[in-house]
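Coordinates as given in structure.cif (mmCIF, C-alpha atoms and all ligand atoms):
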data_upload
#
loop_
_atom_site.label_atom_id
_atom_site.label_comp_id
_atom_site.auth_asym_id
_atom_site.auth_seq_id
_atom_site.Cartn_x
_atom_site.Cartn_y
_atom_site.Cartn_z
CA MET A 1 50.85 154.93 24.62
CA THR A 2 49.76 151.87 22.61
CA LYS A 3 51.64 151.64 19.34
CA ILE A 4 49.73 150.04 16.47
CA ALA A 5 50.95 148.45 13.23
CA ILE A 6 48.84 147.80 10.15
CA ILE A 7 50.00 145.35 7.48
CA GLY A 8 48.17 145.82 4.15
CA LEU A 9 47.17 149.44 3.62
CA GLY A 10 44.00 148.86 1.59
CA LEU A 11 40.35 149.73 2.24
CA ILE A 12 40.17 148.10 5.68
CA GLY A 13 43.78 148.68 6.80
CA GLY A 14 43.74 152.30 5.61
CA SER A 15 40.36 153.03 7.21
CA LEU A 16 41.48 151.51 10.53
CA GLY A 17 44.63 153.64 10.36
CA ILE A 18 42.72 156.86 9.69
CA ASP A 19 40.50 156.38 12.76
CA LEU A 20 43.28 155.21 15.07
CA CYS A 21 45.57 158.09 14.02
CA ALA A 22 42.66 160.49 14.59
CA LYS A 23 42.44 159.14 18.17
CA GLY A 24 46.07 160.19 18.68
CA LEU A 25 47.61 156.71 18.53
CA GLU A 26 50.94 156.10 16.86
CA VAL A 27 50.25 153.92 13.81
CA VAL A 28 52.93 152.39 11.62
CA GLY A 29 51.99 150.81 8.31
CA VAL A 30 53.52 148.19 6.06
CA SER A 31 52.76 147.91 2.36
CA ARG A 32 54.58 146.06 -0.38
CA ASN A 33 54.51 149.25 -2.43
CA PRO A 34 56.41 152.49 -1.54
CA GLU A 35 53.77 154.56 -3.37
CA THR A 36 51.05 153.09 -1.09
CA CYS A 37 53.20 154.04 1.92
CA ARG A 38 53.38 157.62 0.62
CA ARG A 39 49.63 157.82 -0.04
CA ALA A 40 48.87 156.31 3.40
CA ARG A 41 50.95 159.07 5.04
CA GLU A 42 49.14 161.73 2.96
CA HIS A 43 45.74 160.28 3.99
CA LYS A 44 46.88 160.36 7.64
CA ALA A 45 46.24 156.62 7.83
CA VAL A 46 49.69 156.11 9.37
CA THR A 47 52.25 158.16 11.22
CA GLN A 48 55.06 156.18 9.55
CA ALA A 49 55.05 153.56 6.79
CA SER A 50 57.58 151.23 5.26
CA VAL A 51 57.94 148.32 2.89
CA GLU A 52 60.12 146.61 5.52
CA LEU A 53 58.80 144.58 8.46
CA ASP A 54 61.55 145.84 10.79
CA ILE A 55 59.31 148.86 11.42
CA LEU A 56 57.33 146.50 13.73
CA THR A 57 60.00 145.99 16.40
CA ASP A 58 58.39 148.06 19.16
CA VAL A 59 54.65 147.84 18.37
CA ASP A 60 52.02 146.61 20.85
CA ILE A 61 49.26 145.49 18.46
CA VAL A 62 49.52 144.37 14.82
CA PHE A 63 46.45 144.31 12.54
CA ILE A 64 46.94 142.03 9.51
CA CYS A 65 44.71 143.58 6.82
CA THR A 66 45.76 141.60 3.75
CA PRO A 67 43.40 139.48 1.61
CA LEU A 68 42.27 136.22 3.28
CA GLY A 69 44.71 134.09 1.30
CA ALA A 70 47.74 136.06 2.58
CA ILE A 71 46.88 136.37 6.32
CA SER A 72 48.56 133.22 7.71
CA LEU A 73 51.69 133.67 5.59
CA THR A 74 51.92 137.33 6.63
CA CYS A 75 51.59 136.28 10.29
CA GLN A 76 54.44 133.80 9.83
CA LYS A 77 56.66 136.45 8.17
CA LEU A 78 56.19 139.10 10.86
CA ILE A 79 56.89 136.90 13.91
CA PRO A 80 60.71 137.40 13.88
CA TYR A 81 60.13 141.15 14.31
CA LEU A 82 57.73 141.03 17.30
CA GLN A 83 58.22 141.49 21.05
CA PRO A 84 56.83 138.60 23.16
CA HIS A 85 53.98 140.83 24.43
CA THR A 86 52.85 142.00 20.96
CA VAL A 87 49.20 141.20 20.17
CA VAL A 88 48.51 140.08 16.60
CA THR A 89 45.02 140.23 15.11
CA ASP A 90 43.54 140.06 11.62
CA VAL A 91 40.47 141.51 9.91
CA GLY A 92 39.61 138.62 7.60
CA SER A 93 35.94 137.93 6.92
CA VAL A 94 36.34 134.18 7.63
CA LYS A 95 37.77 133.11 10.96
CA THR A 96 38.06 129.32 11.55
CA PRO A 97 41.06 128.44 9.31
CA ILE A 98 42.86 131.73 10.04
CA VAL A 99 42.46 131.50 13.82
CA ARG A 100 43.61 127.86 13.77
CA GLU A 101 46.74 128.60 11.74
CA CYS A 102 47.73 131.93 13.33
CA SER A 103 47.12 130.81 16.94
CA GLU A 104 49.56 127.97 16.35
CA LEU A 105 52.11 130.48 15.08
CA TRP A 106 51.71 133.13 17.82
CA THR A 107 50.22 132.68 21.32
CA ASN A 108 49.11 136.30 21.49
CA PHE A 109 46.92 136.01 18.38
CA ILE A 110 43.20 136.82 18.41
CA GLY A 111 40.95 136.80 15.33
CA GLY A 112 38.78 139.79 14.49
CA HIS A 113 36.29 140.88 11.85
CA PRO A 114 35.21 144.50 11.44
CA MET A 115 31.93 144.14 9.55
CA ALA A 116 32.01 147.23 7.39
CA GLY A 117 33.22 147.87 3.88
CA THR A 118 32.52 149.25 0.45
CA ALA A 119 32.84 147.84 -3.06
CA GLU A 120 36.15 149.71 -3.49
CA GLN A 121 39.66 148.48 -2.81
CA GLY A 122 43.06 149.96 -1.99
CA ILE A 123 44.33 152.93 0.02
CA GLU A 124 42.35 155.46 -2.08
CA ALA A 125 39.13 153.79 -0.88
CA ALA A 126 40.06 154.17 2.81
CA GLN A 127 37.67 156.39 4.72
CA LYS A 128 37.15 158.01 8.10
CA GLY A 129 34.51 156.53 10.40
CA LEU A 130 33.99 153.36 8.33
CA PHE A 131 33.57 151.22 11.46
CA VAL A 132 31.37 153.57 13.50
CA ASN A 133 28.28 151.67 14.75
CA ALA A 134 29.27 148.64 12.67
CA PRO A 135 29.70 145.23 14.32
CA TYR A 136 33.28 144.21 15.15
CA VAL A 137 33.51 140.54 16.10
CA LEU A 138 36.40 139.18 18.15
CA THR A 139 36.88 135.41 18.11
CA PRO A 140 39.02 134.35 21.11
CA ILE A 141 39.54 130.62 21.61
CA ALA A 142 40.29 128.63 24.79
CA SER A 143 44.04 129.28 24.50
CA THR A 144 43.70 133.05 23.91
CA PRO A 145 45.17 134.97 26.89
CA PRO A 146 42.24 136.98 28.40
CA GLU A 147 44.40 140.10 28.70
CA ILE A 148 44.87 140.31 24.91
CA THR A 149 41.11 140.05 24.35
CA GLU A 150 40.73 142.94 26.79
CA LYS A 151 43.48 144.95 25.10
CA LEU A 152 41.98 144.58 21.63
CA SER A 153 38.45 145.25 22.94
CA GLY A 154 39.74 148.63 24.16
CA ILE A 155 40.99 149.48 20.65
CA VAL A 156 37.71 148.36 19.02
CA GLN A 157 35.82 150.63 21.42
CA LEU A 158 37.96 153.55 20.23
CA LEU A 159 36.55 152.92 16.73
CA ASP A 160 32.97 153.31 18.08
CA SER A 161 32.15 149.88 16.69
CA LYS A 162 29.67 147.47 18.27
CA LEU A 163 31.79 144.79 19.89
CA TYR A 164 30.72 141.12 19.73
CA PHE A 165 32.45 137.93 20.84
CA SER A 166 32.02 134.56 19.18
CA SER A 167 33.80 131.30 18.53
CA PRO A 168 35.42 131.27 15.06
CA GLU A 169 33.04 128.49 13.99
CA ASN A 170 29.86 130.31 15.07
CA HIS A 171 31.13 133.48 13.42
CA ASP A 172 31.67 131.65 10.14
CA GLN A 173 28.23 130.03 10.19
CA ALA A 174 26.56 133.36 11.06
CA VAL A 175 28.34 135.22 8.23
CA ALA A 176 27.55 132.33 5.89
CA TRP A 177 23.83 133.03 6.54
CA ILE A 178 23.84 136.80 6.30
CA SER A 179 26.72 137.60 3.97
CA HIS A 180 28.05 134.66 1.96
CA LEU A 181 24.71 132.93 1.20
CA PRO A 182 23.16 136.20 -0.11
CA VAL A 183 26.10 136.60 -2.52
CA MET A 184 25.53 133.10 -3.93
CA ILE A 185 21.74 133.56 -4.14
CA SER A 186 22.13 136.94 -5.78
CA ALA A 187 24.63 135.58 -8.34
CA SER A 188 22.34 132.65 -9.15
CA LEU A 189 19.41 135.06 -9.57
CA ILE A 190 21.33 136.97 -12.25
CA GLN A 191 22.44 133.68 -13.82
CA ALA A 192 18.85 132.34 -13.88
CA CYS A 193 17.51 135.52 -15.51
CA MET A 194 20.24 135.33 -18.14
CA SER A 195 19.10 131.79 -18.99
CA GLU A 196 16.01 133.24 -20.70
CA THR A 197 16.31 132.00 -24.29
CA GLU A 198 13.74 134.39 -25.86
CA THR A 199 15.82 137.44 -26.77
CA ASP A 200 12.80 139.79 -26.84
CA ILE A 201 11.77 138.74 -23.33
CA LEU A 202 15.32 139.03 -21.98
CA ASN A 203 15.73 142.51 -23.49
CA LEU A 204 12.38 143.61 -22.09
CA ALA A 205 13.23 142.24 -18.62
CA GLN A 206 16.54 144.12 -18.68
CA GLN A 207 14.76 147.36 -19.60
CA LEU A 208 12.04 146.90 -16.96
CA ALA A 209 14.37 145.92 -14.10
CA SER A 210 14.13 148.49 -11.34
CA SER A 211 14.75 148.95 -7.62
CA GLY A 212 13.61 145.44 -6.55
CA PHE A 213 15.99 143.76 -8.96
CA ARG A 214 18.74 146.24 -8.17
CA ASP A 215 18.46 145.42 -4.43
CA THR A 216 18.35 141.65 -4.83
CA SER A 217 21.11 141.44 -7.47
CA ARG A 218 23.58 143.95 -5.97
CA VAL A 219 25.80 141.59 -3.99
CA GLY A 220 25.84 139.02 -6.81
CA GLY A 221 27.22 141.60 -9.21
CA GLY A 222 30.26 142.47 -7.07
CA ASN A 223 33.96 141.56 -7.08
CA PRO A 224 34.30 137.93 -8.34
CA GLU A 225 37.49 137.38 -6.31
CA LEU A 226 35.66 138.13 -3.03
CA GLY A 227 32.87 135.65 -3.90
CA VAL A 228 35.39 132.91 -4.61
CA MET A 229 37.30 133.69 -1.37
CA MET A 230 34.08 133.36 0.68
CA ALA A 231 33.33 129.95 -0.84
CA CYS A 232 36.93 128.77 -0.63
CA TYR A 233 37.55 129.75 3.02
CA ASN A 234 34.04 129.18 4.40
CA GLN A 235 33.12 126.15 2.34
CA GLU A 236 31.53 123.99 5.07
CA ALA A 237 29.32 126.66 6.63
CA LEU A 238 28.33 128.04 3.23
CA ALA A 239 27.42 124.57 1.89
CA ARG A 240 25.19 124.02 4.96
CA SER A 241 23.41 127.33 4.35
CA LEU A 242 23.04 126.67 0.61
CA LEU A 243 21.43 123.27 1.27
CA ALA A 244 18.94 124.81 3.69
CA TYR A 245 18.21 127.49 1.11
CA ARG A 246 17.61 124.87 -1.60
CA GLU A 247 15.12 123.16 0.73
CA SER A 248 13.30 126.47 1.26
CA LEU A 249 13.17 127.08 -2.46
CA ASP A 250 11.87 123.54 -3.07
CA THR A 251 9.11 124.14 -0.51
CA ILE A 252 8.10 127.34 -2.32
CA ILE A 253 8.14 125.59 -5.72
CA GLU A 254 6.01 122.70 -4.40
CA THR A 255 3.58 125.11 -2.72
CA ILE A 256 3.11 127.04 -5.96
CA ASN A 257 2.78 123.84 -8.03
CA ARG A 258 0.06 122.65 -5.60
CA GLN A 259 -1.61 126.06 -5.98
CA ASP A 260 -1.72 126.18 -2.19
CA TRP A 261 -2.05 129.95 -1.92
CA GLN A 262 -2.91 129.79 1.76
CA ALA A 263 0.36 127.99 2.54
CA LEU A 264 2.26 130.46 0.36
CA ASN A 265 0.62 133.35 2.19
CA GLN A 266 1.65 131.76 5.49
CA ILE A 267 5.28 131.64 4.29
CA PHE A 268 5.22 135.34 3.35
CA GLU A 269 3.43 136.34 6.57
CA THR A 270 6.17 134.60 8.53
CA THR A 271 9.04 136.13 6.50
CA GLN A 272 7.43 139.58 6.74
CA VAL A 273 7.80 139.33 10.53
CA THR A 274 11.09 137.42 10.80
CA ARG A 275 12.98 139.74 8.39
CA ASN A 276 12.77 142.34 11.14
CA PHE A 277 14.91 140.10 13.38
CA PHE A 278 17.81 140.63 10.97
CA CYS A 279 17.53 144.25 9.89
P1 LIG B 1 42.22 145.73 -0.21
O1 LIG B 1 41.65 147.09 -0.25
O2 LIG B 1 42.55 145.05 -1.50
O3 LIG B 1 43.53 145.78 0.71
C1 LIG B 1 44.33 144.67 0.95
C2 LIG B 1 45.77 145.11 1.01
O4 LIG B 1 46.59 143.99 1.29
C3 LIG B 1 46.25 145.70 -0.32
O5 LIG B 1 46.17 147.09 -0.27
C4 LIG B 1 47.67 145.18 -0.46
O6 LIG B 1 48.52 146.22 -0.05
C5 LIG B 1 47.82 144.06 0.56
N1 LIG B 1 48.02 142.79 -0.12
C6 LIG B 1 47.38 142.30 -1.21
N2 LIG B 1 47.81 141.07 -1.50
C7 LIG B 1 48.78 140.78 -0.61
C8 LIG B 1 49.62 139.67 -0.42
N3 LIG B 1 49.57 138.60 -1.21
N4 LIG B 1 50.52 139.72 0.60
C9 LIG B 1 50.58 140.80 1.42
N5 LIG B 1 49.80 141.89 1.28
C10 LIG B 1 48.92 141.88 0.28
O7 LIG B 1 41.27 144.70 0.57
P2 LIG B 1 40.32 145.00 1.82
O8 LIG B 1 38.93 145.13 1.33
O9 LIG B 1 40.91 146.04 2.67
O10 LIG B 1 40.38 143.58 2.54
C11 LIG B 1 41.42 143.25 3.42
C12 LIG B 1 40.90 142.22 4.41
O11 LIG B 1 39.76 142.77 5.07
C13 LIG B 1 40.48 140.89 3.83
O12 LIG B 1 41.02 139.85 4.60
C14 LIG B 1 38.96 140.89 3.93
O13 LIG B 1 38.44 139.60 4.20
C15 LIG B 1 38.73 141.80 5.12
N6 LIG B 1 37.46 142.53 5.11
C16 LIG B 1 37.05 143.15 3.97
C17 LIG B 1 35.86 143.86 3.98
C18 LIG B 1 35.37 144.56 2.76
O14 LIG B 1 34.18 144.88 2.66
N7 LIG B 1 36.21 144.87 1.81
C19 LIG B 1 35.09 143.92 5.16
C20 LIG B 1 35.57 143.31 6.31
C21 LIG B 1 36.77 142.60 6.28
P3 LIG B 1 49.90 146.50 -0.76
O15 LIG B 1 49.75 146.08 -2.22
O16 LIG B 1 50.06 147.95 -0.57
O17 LIG B 1 50.91 145.70 -0.02
#

Turn the structure described in the file into structure tokens.
Amino acid sequence: MTKIAIIGLGLIGGSLGIDLCAKGLEVVGVSRNPETCRRAREHKAVTQASVELDILTDVDIVFICTPLGAISLTCQKLIPYLQPHTVVTDVGSVKTPIVRECSELWTNFIGGHPMAGTAEQGIEAAQKGLFVNAPYVLTPIASTPPEITEKLSGIVQLLDSKLYFSSPENHDQAVAWISHLPVMISASLIQACMSETETDILNLAQQLASSGFRDTSRVGGGNPELGVMMACYNQEALARSLLAYRESLDTIIETINRQDWQALNQIFETTQVTRNFFC
């Protein structure tokens, strides 16, 4: 039977553990905190947990589920404990720098990104079925042994996720468009509204804000650390998307300034149709 290890028993690591344990797999977990190990066992997110990496000696697949900034270092630290056949993967939401660094460290490394989550963090936020019907992108590169892609695909299928394959670079540009750019736009929307200098108008706007504003501002009002991580790790792709967005905004501003309502209507007619291609 395939033996799994999860490093970082937070929202994503804990949720993966719950579903893989429920499928009858043996899952060992590593946390830096003994209390997290205890809670992970209680949540049935692991069959065993430890603060020591020597628990990894006979595992087949390791999922690194730490924050982006700790993935490569974690990969480096766990290598002395692995068998040559062990597959290492990560769940980070940016792939290019992580895949580059970890593939150099371990031949049997393949990047992954389960595209599901909540605004919560830590083992208490872990939940059953988080990845069901959600996309799970694997990012093999030319040097990735095909058999490890196949092995990990089998595990992703156990989660009932929708499996996709992409290069790390295409993944990062795609998530820049649909995940990282919306966070930046949403944050700048809130920032722009707060620039209103007339206190009465600002107060009134805050009282009148309803579902439309709630929807468009939600991702800009989230965890600041995650927003900074997206920009820091996916800088190039995000900058490209932001520039394209600024051009779109400029076009809309110019169209309104020209009072070209027909052209503006054409823009909205197009976006009314093309939005359906995304959701
Ligand atoms: P999380 O709930 O904060 O869990 C991360 C876990 O990593 C923590 O529980 C912590 O466990 C451990 N950790 C924290 N800092 C560490 C460090 N410096 N070194 C080693 N371990 C450390 O975060 P998460 O939302 O699960 O995110 C984990 C990964 O999933 C990230 O790479 C993120 O990009 C990716 N991801 C997140 C989402 C999302 O919506 N949240 C979606 C898809 C992918 P201990 O303190 O117990 O060691």

request  = Check every protein, DNA and RNA residue against ligand LIG 1 (chain B), keep those with an atom at most 8 Å away (counting only C-alpha atoms and all ligand atoms), and present them as a VMD selection string.
outcome  = chain A and resid 7 to 14 30 to 34 36 to 37 64 to 71 73 to 74 90 to 94 113 to 123 125 to 126 226

Give the padded box for segment 8-11 of chain A as AutoDock Vina command-line options: axis-aligned, covering all atoms listed in the file, 5 Å on each side, centre and edge lengths in Å to one decimal.
--center_x 44.3 --center_y 147.8 --center_z 2.9 --size_x 17.8 --size_y 13.9 --size_z 12.6

inquiry  = I'd like to know which of A:Leu264, A:Ile178, A:Val88, A:Ile6 is closest to Thr47 of chain A, using all atoms listed in the file.
reply    = A:Ile6

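With only C-alpha atoms as the atoms that count, the residue of A:Asn276, A:Thr199, A:Gln266, A:Ser103 with the shortest distance to Ser143 of chain A is A:Ser103.
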
ask   = In terms of the shortest atom-to-atom distance over only C-alpha atoms, which of A:Val228, A:Leu16, A:Met1, A:Ile267 is closest to Asp160 of chain A?
value =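 Residue with the minimum atom-to-atom distance to Asp160 of chain A: A:Leu16.
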
task = Tell me which of A:Thr139, A:Asn234, A:Thr107, A:Ser248 sits closest to Leu163 of chain A, counting all atoms listed in the file.
result =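 Nearest to Leu163 of chain A: A:Thr139.
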
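Closest to Val219 of chain A among A:Cys193, A:Asn203, A:Gln259, A:Met184 is A:Met184, based on all atoms listed in the file.
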
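Atom CA of Lys95 of chain A lies 28.7 Å from atom CA of Leu249 of chain A.
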
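Separating atom CA of Val62 of chain A from atom CA of Thr86 of chain A is a distance of 7.4 Å.
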
Atomic distance atom CA of Ser72 of chain A - atom CA of Thr144 of chain A, expressed in Å with one decimal = 16.9 Å
